[in-house]
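Asker: Structure below; questions to follow.
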Amino acid sequence: MNRSALDRLFRPKSVALIGASTDPKKIGGRPLHFLKKHGFTGDIWPVNPNAEEIDGLPCFTDIASLPGTPDVAIVLLGPRHVEQALKDLALRKTGAAIILAGGFAETGDGGAARQQALIEAADGMRVLGPNTIGLLNMTDGITLSASGALDVEDRFAGGVAVVSQSGGILGSLLSRASAQGTGLSLMAATGNEADIDVGDLMSFLAQDDATKVVALYLETIRHPDRFRKAAADLADAGKRLVVYKVGRSEAGAQSAASHTGAMAGEDRVFDALFRQTGAIRVDCYSDLIDVPTALAAVPPMDGNRIAILSTTGGAAGLVADVCGVAGFETPPPGAETTARLAALFQDDGFMPDRNPVDLTLAGLHPDIFHQAILALAESGDYDAVIPIAGSSSVGRPSIVADPIIQAAGNIGVPMIVYTSPSAPGIVQRLNAAGVPTYPSPEACAEALSALRRPDPPTARETHKSVQGSNPFSATSGPLNEAEAKRLFAAWGIDGVKETTIENPEAASAAIAELGGTSVVKILSRGLLHKTEIGGVRLNVQAEDAANICLDIAASAEKAGVSETEGFLIQEQISGAVEMIVGYQNDPALGPAVLIGAGGTSAELYDDAVICLIPAAGPDIRMALASLAMYPLLSGHRGQGGTDIDGLVETILNFSEMCLSLGDRLVECEINPLFMGPGDLIRAGDGVVVFRG
């Protein structure tokens, strides 16, 4: 059977070491040392023209003289010699090459050209790197690296795979996982990703039987479409994806004509990608190991109710408080559970009807602790159980660890353990036994939050596509507000009732025709933020309209607006929720829409979320539900709410319009989009800028 290149990379039967050293302490000598140390049983072929053998193995003068085709080659040469080595390896039909050397794209344009030459030399052979520390197969005990960071002593095989774009971080994560007993399947550093990138490895891991959860350390995403497909591969395989991405802080938004340009930062767009692909994005670096540890070991949570079991009241209160902030509940046990707990320990001071359940009076009795866990986990009263290992358990860890491990194999709800004192031995032992255990209550809460997080929606709602048109196909630069809303209307997005007038004398009749109190605006394609210069007036009556038009025209002239196109008279909407819907074309991840609280204070509220487009109805609904303002849309304190179905359709229509306009579209925004009451959805203002 033909094996894939990545399977040969991670599970090689033969490894060539190009540039192997006779000194196991040097970089060129370490890969051979690591392979033999960890029990690699395949063929190892060192290549070094100046040695006849290395560590008892025959050494070959060049790649052409190898006795067979290697599954993988570790290239231990300097950057000047890597290209020729790849050419020679490709001629031998090598499965994949790992390039450890740096000095390529990470150094600038010259290095990028050298890196491109490597790919051409590889001629279709898969390449990991350059600028990588290699990989580690914990399942089969294979280390393909020259870095001591991947040669830690306490290594545990398990269900978490780790992929990092940084080699140093990969070593850091391995040391953390080893210290706390987390079992790993595969680890790899992708380096410069000249060929193999995180998406390739995610798709491979989706098919890896040993891997249950994939943890990613990301600096960027070079191939977004590949990433999306790979995330879908993992979801289809029932595997969770956890991501830590650096780059959350931004120096500031670039100046832009629209609120969207100022609000839609790069990191928000990555949030959208992770949300829409079902990835769990963690904020703390330590969570990149802690959260996968739980996801790989225990079943998901069905609700928010947790039981806390402890022999130390202070620690129990701490866990209850931290988990309560995270949205979990600690209800008292039901009558049957209370009776079962009471039967375990007969003492006047024991209160079995409380949660946390405090066993302090029982002392450290393993059977009582074990039976108490079973009573809580089997009760149906709780969705998860948190036993606490207190200070008394440090000297005799088996008193707590053994009953927890014994119970873990017999319960159907998640169990997360908190160690109150510093007890690294207990943490490592329990995690190695498949019981997620953490030295901080915050880590417990974060793990539980990941366990209760629902899978991403997979149902695709039917959306009737709008076949709109662009009435301004020959226009460049900005549209004025009236033109922008004509464009929106062509794509099924209605605007407020309005009329355009050329001079102040026509304002009174226009207001009377609209039916009374109105909004008056200056109309100018050179003025996209009218409120800031006094170019908008609310609550205008017909008799005052002409003078108000003169006032706002004077304000515009004072602000330096030299070209105006008359005035816009609009119906005034009252009692509606104001939203913003805007377009952004992110240079890394592509087109997206921003959805959030709108109006003149949109940037001040900064309550917004991004959706990459094209998007489906469930994506939009999930984004809307994440907004702080969502209760205003769904109904708040007796209010009837708004037409959320209609809002979803409007956002989808807006998205289709932006995609249809393509590269000609620079900026596009509806702000405000008036929502409700009832089924009212109207564009109140708009910005559209076309490329010149």
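Identifiers in this document derive from the order of the structure tokens: chains are assigned A, B, ..., residues are numbered from 1 separately in each chain, and ligands are numbered from 1 in order of occurrence.
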Just the residues within 10 Å of stretch 210-214 of chain A, please, counting only C-alpha atoms, with nothing from its chain fewer than 3 positions along; format it as a PDB file with N, CA, C and O atoms, in the first residue's frame.

Answerer:
```
ATOM      1  N   MET A 138       5.164  10.826  19.706  1.00  0.00           N
ATOM      2  CA  MET A 138       5.144  10.218  21.034  1.00  0.00           C
ATOM      3  C   MET A 138       4.487   8.855  21.002  1.00  0.00           C
ATOM      4  O   MET A 138       4.804   7.977  21.809  1.00  0.00           O
ATOM      5  N   THR A 139       3.559   8.653  20.093  1.00  0.00           N
ATOM      6  CA  THR A 139       2.844   7.382  20.018  1.00  0.00           C
ATOM      7  C   THR A 139       3.795   6.240  19.717  1.00  0.00           C
ATOM      8  O   THR A 139       3.713   5.160  20.318  1.00  0.00           O
ATOM      9  N   ALA A 157       2.636   9.465  26.390  1.00  0.00           N
ATOM     10  CA  ALA A 157       1.858   9.327  25.160  1.00  0.00           C
ATOM     11  C   ALA A 157       0.378   9.504  25.477  1.00  0.00           C
ATOM     12  O   ALA A 157      -0.109   9.063  26.524  1.00  0.00           O
ATOM     13  N   GLY A 158      -0.337  10.160  24.572  1.00  0.00           N
ATOM     14  CA  GLY A 158      -1.759  10.403  24.801  1.00  0.00           C
ATOM     15  C   GLY A 158      -2.434  10.985  23.583  1.00  0.00           C
ATOM     16  O   GLY A 158      -1.967  10.803  22.453  1.00  0.00           O
ATOM     17  N   GLY A 159      -3.513  11.709  23.813  1.00  0.00           N
ATOM     18  CA  GLY A 159      -4.382  12.110  22.714  1.00  0.00           C
ATOM     19  C   GLY A 159      -4.255  13.528  22.226  1.00  0.00           C
ATOM     20  O   GLY A 159      -5.039  13.955  21.377  1.00  0.00           O
ATOM     21  N   VAL A 160      -3.283  14.312  22.710  1.00  0.00           N
ATOM     22  CA  VAL A 160      -3.150  15.714  22.318  1.00  0.00           C
ATOM     23  C   VAL A 160      -2.001  15.865  21.323  1.00  0.00           C
ATOM     24  O   VAL A 160      -0.861  15.483  21.620  1.00  0.00           O
ATOM     25  N   ALA A 161      -2.285  16.409  20.158  1.00  0.00           N
ATOM     26  CA  ALA A 161      -1.245  16.743  19.184  1.00  0.00           C
ATOM     27  C   ALA A 161      -0.976  18.241  19.248  1.00  0.00           C
ATOM     28  O   ALA A 161      -1.906  19.031  19.402  1.00  0.00           O
ATOM     29  N   VAL A 162       0.283  18.629  19.122  1.00  0.00           N
ATOM     30  CA  VAL A 162       0.676  20.031  19.220  1.00  0.00           C
ATOM     31  C   VAL A 162       1.411  20.433  17.951  1.00  0.00           C
ATOM     32  O   VAL A 162       2.373  19.761  17.544  1.00  0.00           O
ATOM     33  N   VAL A 163       0.955  21.512  17.328  1.00  0.00           N
ATOM     34  CA  VAL A 163       1.616  22.066  16.144  1.00  0.00           C
ATOM     35  C   VAL A 163       1.939  23.525  16.440  1.00  0.00           C
ATOM     36  O   VAL A 163       1.059  24.283  16.865  1.00  0.00           O
ATOM     37  N   LEU A 184       0.718  13.164  24.961  1.00  0.00           N
ATOM     38  CA  LEU A 184       0.786  13.736  23.625  1.00  0.00           C
ATOM     39  C   LEU A 184       0.873  12.631  22.577  1.00  0.00           C
ATOM     40  O   LEU A 184       1.395  11.547  22.838  1.00  0.00           O
ATOM     41  N   SER A 185       0.365  12.940  21.397  1.00  0.00           N
ATOM     42  CA  SER A 185       0.468  11.990  20.287  1.00  0.00           C
ATOM     43  C   SER A 185       1.587  12.407  19.342  1.00  0.00           C
ATOM     44  O   SER A 185       2.601  11.715  19.227  1.00  0.00           O
ATOM     45  N   LEU A 186       1.437  13.526  18.685  1.00  0.00           N
ATOM     46  CA  LEU A 186       2.429  14.034  17.737  1.00  0.00           C
ATOM     47  C   LEU A 186       2.703  15.495  18.022  1.00  0.00           C
ATOM     48  O   LEU A 186       1.812  16.238  18.436  1.00  0.00           O
ATOM     49  N   MET A 187       3.941  15.937  17.752  1.00  0.00           N
ATOM     50  CA  MET A 187       4.316  17.345  17.866  1.00  0.00           C
ATOM     51  C   MET A 187       5.140  17.716  16.649  1.00  0.00           C
ATOM     52  O   MET A 187       5.937  16.905  16.157  1.00  0.00           O
ATOM     53  N   LEU A 201      -0.891  19.765   8.373  1.00  0.00           N
ATOM     54  CA  LEU A 201      -0.753  18.894   9.537  1.00  0.00           C
ATOM     55  C   LEU A 201      -2.093  18.669  10.223  1.00  0.00           C
ATOM     56  O   LEU A 201      -2.359  17.574  10.739  1.00  0.00           O
ATOM     57  N   MET A 202      -2.968  19.686  10.239  1.00  0.00           N
ATOM     58  CA  MET A 202      -4.302  19.496  10.807  1.00  0.00           C
ATOM     59  C   MET A 202      -5.070  18.415  10.054  1.00  0.00           C
ATOM     60  O   MET A 202      -5.713  17.545  10.666  1.00  0.00           O
ATOM     61  N   LEU A 205      -3.660  15.084  10.958  1.00  0.00           N
ATOM     62  CA  LEU A 205      -4.024  14.685  12.318  1.00  0.00           C
ATOM     63  C   LEU A 205      -5.488  14.281  12.427  1.00  0.00           C
ATOM     64  O   LEU A 205      -5.862  13.506  13.309  1.00  0.00           O
ATOM     65  N   ALA A 206      -6.322  14.794  11.519  1.00  0.00           N
ATOM     66  CA  ALA A 206      -7.723  14.380  11.507  1.00  0.00           C
ATOM     67  C   ALA A 206      -7.852  12.885  11.261  1.00  0.00           C
ATOM     68  O   ALA A 206      -8.828  12.253  11.682  1.00  0.00           O
ATOM     69  N   GLN A 207      -6.859  12.306  10.584  1.00  0.00           N
ATOM     70  CA  GLN A 207      -6.884  10.877  10.266  1.00  0.00           C
ATOM     71  C   GLN A 207      -6.010  10.049  11.211  1.00  0.00           C
ATOM     72  O   GLN A 207      -5.899   8.835  11.026  1.00  0.00           O
ATOM     73  N   ALA A 231      -9.721  22.528   9.297  1.00  0.00           N
ATOM     74  CA  ALA A 231     -10.578  22.603  10.484  1.00  0.00           C
ATOM     75  C   ALA A 231     -11.845  21.787  10.273  1.00  0.00           C
ATOM     76  O   ALA A 231     -12.332  21.123  11.199  1.00  0.00           O
ATOM     77  N   LEU A 234     -11.041  18.150  10.783  1.00  0.00           N
ATOM     78  CA  LEU A 234     -11.001  17.791  12.199  1.00  0.00           C
ATOM     79  C   LEU A 234     -12.403  17.663  12.774  1.00  0.00           C
ATOM     80  O   LEU A 234     -12.695  16.722  13.530  1.00  0.00           O
ATOM     81  N   ALA A 237     -14.070  14.551  11.819  1.00  0.00           N
ATOM     82  CA  ALA A 237     -13.502  13.402  12.520  1.00  0.00           C
ATOM     83  C   ALA A 237     -13.836  13.410  14.008  1.00  0.00           C
ATOM     84  O   ALA A 237     -13.393  12.520  14.750  1.00  0.00           O
ATOM     85  N   GLY A 238     -14.602  14.421  14.453  1.00  0.00           N
ATOM     86  CA  GLY A 238     -14.988  14.503  15.853  1.00  0.00           C
ATOM     87  C   GLY A 238     -13.872  14.958  16.770  1.00  0.00           C
ATOM     88  O   GLY A 238     -13.880  14.653  17.968  1.00  0.00           O
ATOM     89  N   LYS A 239     -12.913  15.717  16.234  1.00  0.00           N
ATOM     90  CA  LYS A 239     -11.768  16.158  17.021  1.00  0.00           C
ATOM     91  C   LYS A 239     -11.836  17.665  17.231  1.00  0.00           C
ATOM     92  O   LYS A 239     -12.202  18.412  16.328  1.00  0.00           O
ATOM     93  N   ARG A 240     -11.468  18.108  18.434  1.00  0.00           N
ATOM     94  CA  ARG A 240     -11.524  19.524  18.768  1.00  0.00           C
ATOM     95  C   ARG A 240     -10.206  20.205  18.436  1.00  0.00           C
ATOM     96  O   ARG A 240      -9.135  19.588  18.439  1.00  0.00           O
ATOM     97  N   LEU A 241     -10.303  21.509  18.175  1.00  0.00           N
ATOM     98  CA  LEU A 241      -9.155  22.330  17.792  1.00  0.00           C
ATOM     99  C   LEU A 241      -9.035  23.479  18.780  1.00  0.00           C
ATOM    100  O   LEU A 241      -9.996  24.226  18.994  1.00  0.00           O
ATOM    101  N   VAL A 242      -7.863  23.617  19.388  1.00  0.00           N
ATOM    102  CA  VAL A 242      -7.593  24.678  20.356  1.00  0.00           C
ATOM    103  C   VAL A 242      -6.451  25.526  19.813  1.00  0.00           C
ATOM    104  O   VAL A 242      -5.424  25.000  19.384  1.00  0.00           O
ATOM    105  N   VAL A 243      -6.628  26.854  19.842  1.00  0.00           N
ATOM    106  CA  VAL A 243      -5.670  27.766  19.204  1.00  0.00           C
ATOM    107  C   VAL A 243      -5.227  28.845  20.178  1.00  0.00           C
ATOM    108  O   VAL A 243      -6.052  29.447  20.878  1.00  0.00           O
ATOM    109  N   ALA A 279     -12.956  26.437  16.142  1.00  0.00           N
ATOM    110  CA  ALA A 279     -11.761  26.386  16.980  1.00  0.00           C
ATOM    111  C   ALA A 279     -12.016  27.102  18.301  1.00  0.00           C
ATOM    112  O   ALA A 279     -12.735  28.097  18.352  1.00  0.00           O
ATOM    113  N   LEU A 288      -3.163  26.541  26.441  1.00  0.00           N
ATOM    114  CA  LEU A 288      -2.943  25.786  25.205  1.00  0.00           C
ATOM    115  C   LEU A 288      -2.608  24.325  25.500  1.00  0.00           C
ATOM    116  O   LEU A 288      -2.800  23.461  24.641  1.00  0.00           O
ATOM    117  N   VAL A 291      -6.350  23.216  28.370  1.00  0.00           N
ATOM    118  CA  VAL A 291      -7.658  22.954  27.768  1.00  0.00           C
ATOM    119  C   VAL A 291      -7.664  21.660  26.955  1.00  0.00           C
ATOM    120  O   VAL A 291      -8.562  20.819  27.115  1.00  0.00           O
ATOM    121  N   PRO A 292      -6.681  21.422  26.065  1.00  0.00           N
ATOM    122  CA  PRO A 292      -6.662  20.132  25.369  1.00  0.00           C
ATOM    123  C   PRO A 292      -6.556  18.933  26.317  1.00  0.00           C
ATOM    124  O   PRO A 292      -7.082  17.852  26.014  1.00  0.00           O
ATOM    125  N   THR A 293      -5.871  19.116  27.449  1.00  0.00           N
ATOM    126  CA  THR A 293      -5.774  18.028  28.422  1.00  0.00           C
ATOM    127  C   THR A 293      -7.153  17.543  28.831  1.00  0.00           C
ATOM    128  O   THR A 293      -7.421  16.338  28.898  1.00  0.00           O
ATOM    129  N   ALA A 294      -8.055  18.488  29.102  1.00  0.00           N
ATOM    130  CA  ALA A 294      -9.421  18.120  29.501  1.00  0.00           C
ATOM    131  C   ALA A 294     -10.217  17.567  28.329  1.00  0.00           C
ATOM    132  O   ALA A 294     -10.910  16.555  28.454  1.00  0.00           O
ATOM    133  N   LEU A 295     -10.117  18.223  27.172  1.00  0.00           N
ATOM    134  CA  LEU A 295     -10.911  17.797  26.018  1.00  0.00           C
ATOM    135  C   LEU A 295     -10.558  16.382  25.576  1.00  0.00           C
ATOM    136  O   LEU A 295     -11.421  15.648  25.076  1.00  0.00           O
ATOM    137  N   ALA A 296      -9.296  16.004  25.746  1.00  0.00           N
ATOM    138  CA  ALA A 296      -8.860  14.676  25.315  1.00  0.00           C
ATOM    139  C   ALA A 296      -9.207  13.596  26.328  1.00  0.00           C
ATOM    140  O   ALA A 296      -9.231  12.412  25.979  1.00  0.00           O
ATOM    141  N   ALA A 297      -9.490  13.986  27.580  1.00  0.00           N
ATOM    142  CA  ALA A 297      -9.611  12.985  28.640  1.00  0.00           C
ATOM    143  C   ALA A 297     -11.032  12.697  29.081  1.00  0.00           C
ATOM    144  O   ALA A 297     -11.328  11.576  29.514  1.00  0.00           O
TER     145      ALA A 297
END
```

Asker: Taking 3 positions as the minimum chain separation for residues in the same chain, which residues sit within 12 Å of A:Val82 when counting only C-alpha atoms? Answer as a PDB file with C-alpha atoms, in the first residue's frame.

Answerer:
```pdb
ATOM      1  CA  ILE A  18      22.295  14.416   5.802  1.00  0.00           C
ATOM      2  CA  GLY A  19      25.402  15.952   7.352  1.00  0.00           C
ATOM      3  CA  ALA A  73      15.665  12.912   5.602  1.00  0.00           C
ATOM      4  CA  ILE A  74      16.852  15.340   8.265  1.00  0.00           C
ATOM      5  CA  VAL A  75      19.023  17.927   6.517  1.00  0.00           C
ATOM      6  CA  LEU A  76      21.703  19.030   8.985  1.00  0.00           C
ATOM      7  CA  LEU A  77      23.639  21.222   6.546  1.00  0.00           C
ATOM      8  CA  GLY A  78      24.130  24.971   6.485  1.00  0.00           C
ATOM      9  CA  PRO A  79      21.776  27.066   4.323  1.00  0.00           C
ATOM     10  CA  ALA A  85      20.734  18.191  -0.869  1.00  0.00           C
ATOM     11  CA  LEU A  86      17.044  18.588  -1.702  1.00  0.00           C
ATOM     12  CA  LYS A  87      17.714  18.005  -5.382  1.00  0.00           C
ATOM     13  CA  ASP A  88      19.585  14.798  -4.578  1.00  0.00           C
ATOM     14  CA  LEU A  89      16.880  13.622  -2.147  1.00  0.00           C
ATOM     15  CA  ALA A  97      12.736  16.346   4.180  1.00  0.00           C
ATOM     16  CA  ILE A  98      13.132  18.247   7.439  1.00  0.00           C
ATOM     17  CA  ILE A  99      15.244  21.392   7.038  1.00  0.00           C
ATOM     18  CA  LEU A 100      16.606  22.657  10.334  1.00  0.00           C
ATOM     19  CA  ALA A 101      18.698  25.540   8.992  1.00  0.00           C
ATOM     20  CA  GLY A 102      17.531  29.136   9.131  1.00  0.00           C
ATOM     21  CA  GLY A 103      18.574  32.004   6.899  1.00  0.00           C
ATOM     22  CA  PHE A 104      15.664  31.894   4.488  1.00  0.00           C
ATOM     23  CA  ARG A 114      16.518  31.246  -1.467  1.00  0.00           C
ATOM     24  CA  GLN A 115      13.518  29.586   0.156  1.00  0.00           C
ATOM     25  CA  ALA A 117      14.655  27.857  -4.711  1.00  0.00           C
ATOM     26  CA  LEU A 118      14.397  25.109  -2.077  1.00  0.00           C
ATOM     27  CA  ILE A 119      10.845  24.276  -3.118  1.00  0.00           C
ATOM     28  CA  ALA A 121      14.746  21.873  -5.861  1.00  0.00           C
ATOM     29  CA  ALA A 122      12.410  19.589  -3.878  1.00  0.00           C
ATOM     30  CA  VAL A 127       9.374  19.743   3.071  1.00  0.00           C
ATOM     31  CA  GLY A 129      10.687  23.956   7.448  1.00  0.00           C
ATOM     32  CA  PRO A 130      13.119  25.501   6.869  1.00  0.00           C
ATOM     33  CA  ASN A 131      13.911  27.048  10.248  1.00  0.00           C
TER      34      ASN A 131
END
```

Asker: DSSP on the backbone: which residues in stretch 432-644 of chain A end up as strand (DSSP E or B)? Give the answer as number ranges by chain.

Answerer: A: 437-438, 477-478, 495, 498-501, 518-522, 536-540, 567-571, 577-586, 590-597, 608-612, 642

Asker: Emit the selected residues as a CSV table (one decimal), in the first residue's frame, including N, CA and C atoms.

Answerer:
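Result went into part-v1.csv, see below:
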```csv
chain,number,residue,atom,x,y,z
A,437,THR,N,-6.1,17.6,35.8
A,437,THR,CA,-5.8,18.2,37.1
A,437,THR,C,-4.9,19.4,36.9
A,438,TYR,N,-5.3,20.5,37.7
A,438,TYR,CA,-4.7,21.8,37.5
A,438,TYR,C,-4.3,22.4,38.9
A,477,GLY,N,-14.5,56.4,-6.6
A,477,GLY,CA,-14.5,57.2,-5.4
A,477,GLY,C,-15.8,57.0,-4.6
A,478,PRO,N,-16.1,57.9,-3.7
A,478,PRO,CA,-17.2,57.7,-2.8
A,478,PRO,C,-18.5,58.1,-3.4
A,495,GLY,N,-34.0,51.3,2.5
A,495,GLY,CA,-33.6,52.4,3.3
A,495,GLY,C,-34.8,53.1,3.9
A,498,GLU,N,-37.1,58.9,2.2
A,498,GLU,CA,-36.3,60.1,2.1
A,498,GLU,C,-36.5,60.7,0.7
A,499,THR,N,-36.1,62.0,0.7
A,499,THR,CA,-36.1,62.7,-0.6
A,499,THR,C,-35.0,63.6,-0.7
A,500,THR,N,-34.5,63.9,-1.9
A,500,THR,CA,-33.3,64.8,-2.1
A,500,THR,C,-33.9,66.1,-2.6
A,501,ILE,N,-33.4,67.2,-2.0
A,501,ILE,CA,-33.7,68.5,-2.5
A,501,ILE,C,-32.5,69.3,-2.8
A,518,SER,N,-38.9,65.4,10.9
A,518,SER,CA,-38.0,64.7,10.0
A,518,SER,C,-36.5,64.9,10.4
A,519,VAL,N,-35.6,64.3,9.7
A,519,VAL,CA,-34.2,64.5,9.8
A,519,VAL,C,-33.7,65.2,8.6
A,520,VAL,N,-32.9,66.2,8.7
A,520,VAL,CA,-32.3,67.0,7.6
A,520,VAL,C,-30.8,66.8,7.6
A,521,LYS,N,-30.2,66.5,6.5
A,521,LYS,CA,-28.8,66.2,6.4
A,521,LYS,C,-28.2,67.0,5.2
A,522,ILE,N,-27.0,67.4,5.3
A,522,ILE,CA,-26.3,67.9,4.1
A,522,ILE,C,-25.9,66.7,3.3
A,536,VAL,N,-26.1,67.3,10.4
A,536,VAL,CA,-27.3,66.5,10.6
A,536,VAL,C,-28.1,67.2,11.7
A,537,ARG,N,-29.4,67.3,11.5
A,537,ARG,CA,-30.3,67.8,12.5
A,537,ARG,C,-31.5,66.9,12.6
A,538,LEU,N,-31.9,66.6,13.9
A,538,LEU,CA,-33.1,65.8,14.2
A,538,LEU,C,-34.2,66.6,14.6
A,539,ASN,N,-35.4,66.0,14.6
A,539,ASN,CA,-36.6,66.6,15.1
A,539,ASN,C,-37.0,67.9,14.4
A,540,VAL,N,-36.8,68.0,13.1
A,540,VAL,CA,-37.0,69.2,12.3
A,540,VAL,C,-38.5,69.3,11.9
A,567,PHE,N,-29.6,68.7,-0.1
A,567,PHE,CA,-29.9,68.2,1.2
A,567,PHE,C,-30.8,66.9,1.1
A,568,LEU,N,-30.7,66.2,2.2
A,568,LEU,CA,-31.5,64.9,2.3
A,568,LEU,C,-32.5,65.1,3.4
A,569,ILE,N,-33.8,64.9,3.0
A,569,ILE,CA,-34.8,64.9,4.0
A,569,ILE,C,-35.3,63.5,4.3
A,570,GLN,N,-35.2,63.1,5.5
A,570,GLN,CA,-35.6,61.7,5.9
A,570,GLN,C,-36.6,61.6,6.9
A,571,GLU,N,-37.4,60.5,6.9
A,571,GLU,CA,-38.3,60.2,8.0
A,571,GLU,C,-37.4,59.9,9.2
A,577,VAL,N,-33.5,50.0,17.6
A,577,VAL,CA,-32.1,49.6,17.9
A,577,VAL,C,-31.3,50.0,16.7
A,578,GLU,N,-30.2,50.7,17.0
A,578,GLU,CA,-29.3,51.1,15.9
A,578,GLU,C,-28.1,50.1,15.9
A,579,MET,N,-27.8,49.6,14.6
A,579,MET,CA,-26.7,48.7,14.4
A,579,MET,C,-25.8,49.2,13.3
A,580,ILE,N,-24.7,48.6,13.2
A,580,ILE,CA,-23.7,48.9,12.1
A,580,ILE,C,-23.4,47.5,11.4
A,581,VAL,N,-23.5,47.6,10.1
A,581,VAL,CA,-23.0,46.5,9.3
A,581,VAL,C,-22.0,47.0,8.3
A,582,GLY,N,-20.8,46.5,8.3
A,582,GLY,CA,-19.8,47.1,7.4
A,582,GLY,C,-18.9,46.0,6.8
A,583,TYR,N,-18.3,46.4,5.7
A,583,TYR,CA,-17.4,45.5,4.9
A,583,TYR,C,-16.0,45.8,5.1
A,584,GLN,N,-15.2,44.8,5.2
A,584,GLN,CA,-13.7,44.9,5.2
A,584,GLN,C,-13.1,43.8,4.4
A,585,ASN,N,-12.0,44.1,3.7
A,585,ASN,CA,-11.3,43.1,3.0
A,585,ASN,C,-9.9,42.9,3.7
A,586,ASP,N,-9.8,42.0,4.6
A,586,ASP,CA,-8.6,41.8,5.3
A,586,ASP,C,-7.5,41.2,4.4
A,590,GLY,N,-9.1,37.8,3.9
A,590,GLY,CA,-10.1,38.1,2.9
A,590,GLY,C,-11.3,38.8,3.3
A,591,PRO,N,-12.4,38.8,2.5
A,591,PRO,CA,-13.5,39.7,2.8
A,591,PRO,C,-14.3,39.3,4.1
A,592,ALA,N,-14.8,40.3,4.8
A,592,ALA,CA,-15.5,40.0,6.0
A,592,ALA,C,-16.6,41.1,6.2
A,593,VAL,N,-17.5,40.8,7.1
A,593,VAL,CA,-18.5,41.9,7.5
A,593,VAL,C,-18.4,42.1,9.0
A,594,LEU,N,-18.5,43.3,9.4
A,594,LEU,CA,-18.5,43.7,10.8
A,594,LEU,C,-20.0,44.0,11.2
A,595,ILE,N,-20.4,43.4,12.3
A,595,ILE,CA,-21.8,43.6,12.8
A,595,ILE,C,-21.7,44.0,14.3
A,596,GLY,N,-22.4,45.1,14.6
A,596,GLY,CA,-22.4,45.5,16.0
A,596,GLY,C,-23.3,46.6,16.3
A,597,ALA,N,-23.1,47.2,17.5
A,597,ALA,CA,-23.9,48.3,18.0
A,597,ALA,C,-23.5,49.5,17.1
A,608,ALA,N,-18.8,44.9,18.8
A,608,ALA,CA,-18.9,44.4,17.4
A,608,ALA,C,-18.2,43.1,17.2
A,609,VAL,N,-18.6,42.4,16.2
A,609,VAL,CA,-18.1,41.1,15.9
A,609,VAL,C,-17.9,41.0,14.4
A,610,ILE,N,-16.9,40.1,13.9
A,610,ILE,CA,-16.6,40.0,12.5
A,610,ILE,C,-17.1,38.6,12.1
A,611,CYS,N,-17.6,38.6,10.8
A,611,CYS,CA,-17.9,37.3,10.2
A,611,CYS,C,-17.2,37.3,8.8
A,612,LEU,N,-16.4,36.3,8.6
A,612,LEU,CA,-15.8,36.1,7.3
A,612,LEU,C,-16.9,35.7,6.3
A,642,THR,N,-36.8,42.3,18.1
A,642,THR,CA,-36.7,42.7,16.7
A,642,THR,C,-36.8,41.5,15.8
```

Asker: Which polymer residues have any atom within 12 Å of an atom of A:Lys93, counting only C-alpha atoms, with same-chain residues fewer than 6 positions away left out, as a PyMOL selection string?

Answerer: chain A and resi 5+8+63-64+66+68-73+86-87+122-126

Asker: Neighbouring residues of A:Ile386 were defined as those with any atom within 8 Å, considering only C-alpha atoms; residues of the same chain fewer than 5 positions away were excluded. Please report them as a PyMOL selection string.

Answerer: chain A and resi 306-309+415-418

Asker: Output as a tab-separated table one row per residue of stretch 465-511 of chain A within 8 Å of stretch 657-675 of chain A: the closest atom pair and its distance in Å to one decimal place, counting only C-alpha atoms, sorted by chain and residue number ascending.

Answerer:
```
residue	atom	partner	partner_atom	distance
A:Gly468	CA	A:Met657	CA	7.1
A:Asn470	CA	A:Leu661	CA	7.7
A:Trp491	CA	A:Met657	CA	6.4
```

Asker: Limited to N, CA, C and O atoms, could you put the picked residues into a file as a compact mmCIF listing (two decimals), in the first residue's frame?

Answerer:
```txt
# COMPACT_ATOMS: atom_id res chain seq x y z
N GLY A 468 -28.66 41.12 -7.28
CA GLY A 468 -28.70 42.57 -7.37
C GLY A 468 -27.86 43.10 -8.51
O GLY A 468 -27.26 42.35 -9.29
N ASN A 470 -25.40 46.80 -9.81
CA ASN A 470 -24.67 47.99 -9.38
C ASN A 470 -25.02 49.15 -10.29
O ASN A 470 -24.50 49.23 -11.42
N TRP A 491 -29.99 45.52 -3.74
CA TRP A 491 -29.66 44.21 -3.19
C TRP A 491 -30.62 43.83 -2.06
O TRP A 491 -30.27 43.06 -1.16
```

Asker: So that I can see what lies close to stretch 619-631 of chain A, please list as a PyMOL selection string the residues with an atom at most 10 Å from it, counting only C-alpha atoms and leaving out residues fewer than 2 positions away in the same chain.

Answerer: chain A and resi 272+275-277+456-461+577+579+593-597+605-617+633-637+639+641-642+644-645+647-649+651-652

Asker: Might you pull out every residue within 7 Å of A:Gln165, with only C-alpha atoms counted and same-chain residues fewer than 4 positions away left off, and present them as a list in words?

Answerer: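 The residues satisfying every condition are Ala189, Thr190, Gly191, Tyr217, Leu218 and Glu219 of chain A.
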
Asker: Using Å and a single decimal, report how far atom CA of A:Gly390 sits from atom CA of A:Ala407.

Answerer: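 About the pair atom CA of A:Ala407 and atom CA of A:Gly390: they are 17.9 Å apart.
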